[in-house]
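Below is one structure; the comments refer to it alone.
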Amino acid sequence: MTQDKILKRFLSSRADTFLSNDYVESDRDWMDLDGHIDLTIGPYETYADELFGYKAAFQSRIILRDSVISSQQARFNEYLEDIDLALPVVGQFTRQKQVPRVVVGNQILAGGDGAVGYIAVAYMLPNDHETRTLHGSKKVLMKNFIDARMKHIVSPIGCVLLDPSQVENVTSKGYFNFVLLHELSHGLGPGKIGSEQVTIKDAFKDLYGAFEEAKADAYGLYLATQFANIGVLTRDQEAEIYTSYLASIFRTFRTGLGEAHAKAELMEYNYLLEKEGVRYDPINRRFSVDYEKAREVVYSLLMNLLNIQASGEYQRAKDFSHRYGNDFERLPDEVAKGLDLLRGVPKELLPVFQAA
Ligand SMILES: [Zn+2]
């Protein structure tokens with residue numbers, strides 16, 4: 001069937017689960033996959049069950065792992081713990097134990113539930129709480145989908161809304177690195193807080209999602225600077241990450257303020273603008289990054305977010321979202337006007353898979 005022993009083990013255990021309907025151990029085999037082919041197949045998402053959201057639909061995805069990025073990612077991983085420990089976060093908390101596994105590759109085929117509905121550029125599985133507690137989870141980033149989103153959506157947005165002198169810094173590599181650093185950042189910072197060891201998810205309830213996404217964005221940018229400081233990334237790559245990030249937040253804003261990423265990026269935008277890490281020129285109606293300033297502002301934003309999480313105080317998060325997130329009710333005028341200029345730019349991708 002295959003020479004890859006780990007893939008073989010997964011294929012066998014997954015075939016068994018289709019009869020037994022018990023996916024826990026086989027999902028662990030899925031998380032262990034480390035070869036060229038990363039195959040996802042099984043019943044996972046329940047969106048298609050519009051009655052109760054209980055019944056999962058079957059999906060399949062074939063991912064070919066990108067070995068160049070995987071080795072660069074391994075270099076990032078070496079430094080993450082030291083960087084995290086060096087941050088002066090105040091409060092009684094324990095750090096996260098299970099750093100999520102992140103796989104990067106190109107999706108060459110999707111079937112069933114994987115080929116319909118929302119076009120994901122990344123996915124994290126399994127969703128099952130028991131399996132996650134026992135074995136953790138795995139995030140798969142689909143590079144060809146991220147690149148397509150960049151080419152057809154984020155880059156055209158950059159051309160319209162960013163200062164012409166910075167448009168060349170909106171790049172596929174910059175955007176991809178930002179997404180990767182964002183995902184790695186979800187595994188950093190406080191995990192459980194207080195003497196009761198409450199999860200930050202329970203402590204921040206409805207605000208958890210927005211603050212977790214904001215943390216991952218700010219932390220991702222902070223990592224870009226840290227990696228540039230020690231030569232793991234170049235200064236040009238750092239600038240591309242910051243600028244591609246700025247272009248990408250307008251893509252998120254186009255989806256409305258109902259969802260955690262958009263809420264997060266609204267807080268980030270207002271914070272960066274107030275402290276001049278991002279500038280808006282009302283004459284030419286363009287946005288730009290002040291790279292020098294942005295580094296400091298990203299650090300102070302990150303420290304605010306981490307200290308809010310570490311405190312476990314819901315009211316602090318509420319106050320911050322009121323001040324910087326406009327209570328998640330409206331976009332700033334200049335942003336809303338900017339989005340009006342994007343009418344010719346597509347909102348979403350529609351992939352077509354070709355059988356060779
Ligand atoms: Zn995220």
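By order of appearance in the structure tokens: chains A, B, ..., then residues from 1 within every chain, and ligands from 1 in the order shown.
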task = Pick out the residues no farther than 8 Å from ligand 1, counting only C-alpha atoms and all ligand atoms, and list them as JSON, numbers by chain.
result = {"A": [182, 183, 186, 212, 213, 216, 217, 261]}
task = Name the residues in contact with A:Leu125 at a cut-off of 9 Å, using only C-alpha atoms, excluding same-chain residues fewer than 3 positions from it; report them as a ChimeraX atom specification.
result = /A:27,31,44,128,132,137-140
request  = Please identify which residues in stretch 126-239 of chain A DSSP calls helix (DSSP H, G or I) from the backbone, and express them as a PyMOL selection string.
outcome  = chain A and resi 129-135+143-161+164-169+172-185+200-229+235-239
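Using only C-alpha atoms, the residues found no farther than 8 Å from A:Val160, other than those of its own chain fewer than 3 positions away, are Pro156, Ile157, Arg286, Leu341 and Leu342 of chain A.
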Dump N, CA and C atoms for the selected residues as a short mmCIF file (atom, residue, chain, number, x, y, z; two decimals), in the first residue's frame?
```
data_model
loop_
_atom_site.label_atom_id
_atom_site.label_comp_id
_atom_site.auth_asym_id
_atom_site.auth_seq_id
_atom_site.Cartn_x
_atom_site.Cartn_y
_atom_site.Cartn_z
N PRO A 156 -4.24 42.56 -4.38
CA PRO A 156 -5.02 43.65 -4.98
C PRO A 156 -5.51 44.67 -3.94
N ILE A 157 -5.84 44.20 -2.74
CA ILE A 157 -6.26 45.13 -1.68
C ILE A 157 -5.09 46.06 -1.35
N ARG A 286 -4.49 56.56 1.84
CA ARG A 286 -3.70 55.32 1.87
C ARG A 286 -3.17 55.07 3.28
N LEU A 341 -13.70 51.20 -1.76
CA LEU A 341 -12.85 51.26 -2.96
C LEU A 341 -12.47 49.88 -3.48
N LEU A 342 -12.88 48.83 -2.74
CA LEU A 342 -12.43 47.47 -3.08
C LEU A 342 -13.45 46.69 -3.90
#
```
task = Run DSSP on the backbone of this structure and report the residues of stretch 54-267 of chain A it assigns to strand (DSSP E or B), as a PyMOL selection string.
result = chain A and resi 58-65+93-95+101-112+122-125+138-142+162+190-193+198-199
key: Among the residues A:Leu51, A:Cys159, A:Ala110, A:Met124, the one that comes closest to A:Phe145 [using only C-alpha atoms]   =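 Checking each of A:Leu51, A:Cys159, A:Ala110, A:Met124 against A:Phe145, counting only C-alpha atoms, the winner is A:Ala110.
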Kindly provide the residues of stretch 235-291 of chain A that approach stretch 202-210 of chain A to within 12 Å, each paired with its closest atom pair and their distance in Å to one decimal, based on only C-alpha atoms, listed by chain and increasing number, as a tab-separated table.
```
residue	atom	partner	partner_atom	distance
A:Leu257	CA	A:Ala210	CA	10.4
A:Gly258	CA	A:Ala210	CA	10.2
A:Glu259	CA	A:Ala210	CA	7.9
A:Ala260	CA	A:Ala210	CA	4.4
A:His261	CA	A:Ala210	CA	6.2
A:Ala262	CA	A:Ala210	CA	7.9
A:Lys263	CA	A:Ala210	CA	5.6
A:Ala264	CA	A:Ala210	CA	4.7
A:Glu265	CA	A:Ala210	CA	8.4
A:Leu266	CA	A:Ala210	CA	9.6
A:Met267	CA	A:Ala210	CA	8.9
A:Glu268	CA	A:Ala210	CA	10.5
```
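Picture a line from atom CA of A:Gly112 to atom CA of A:Gln354; it runs 15.5 Å.
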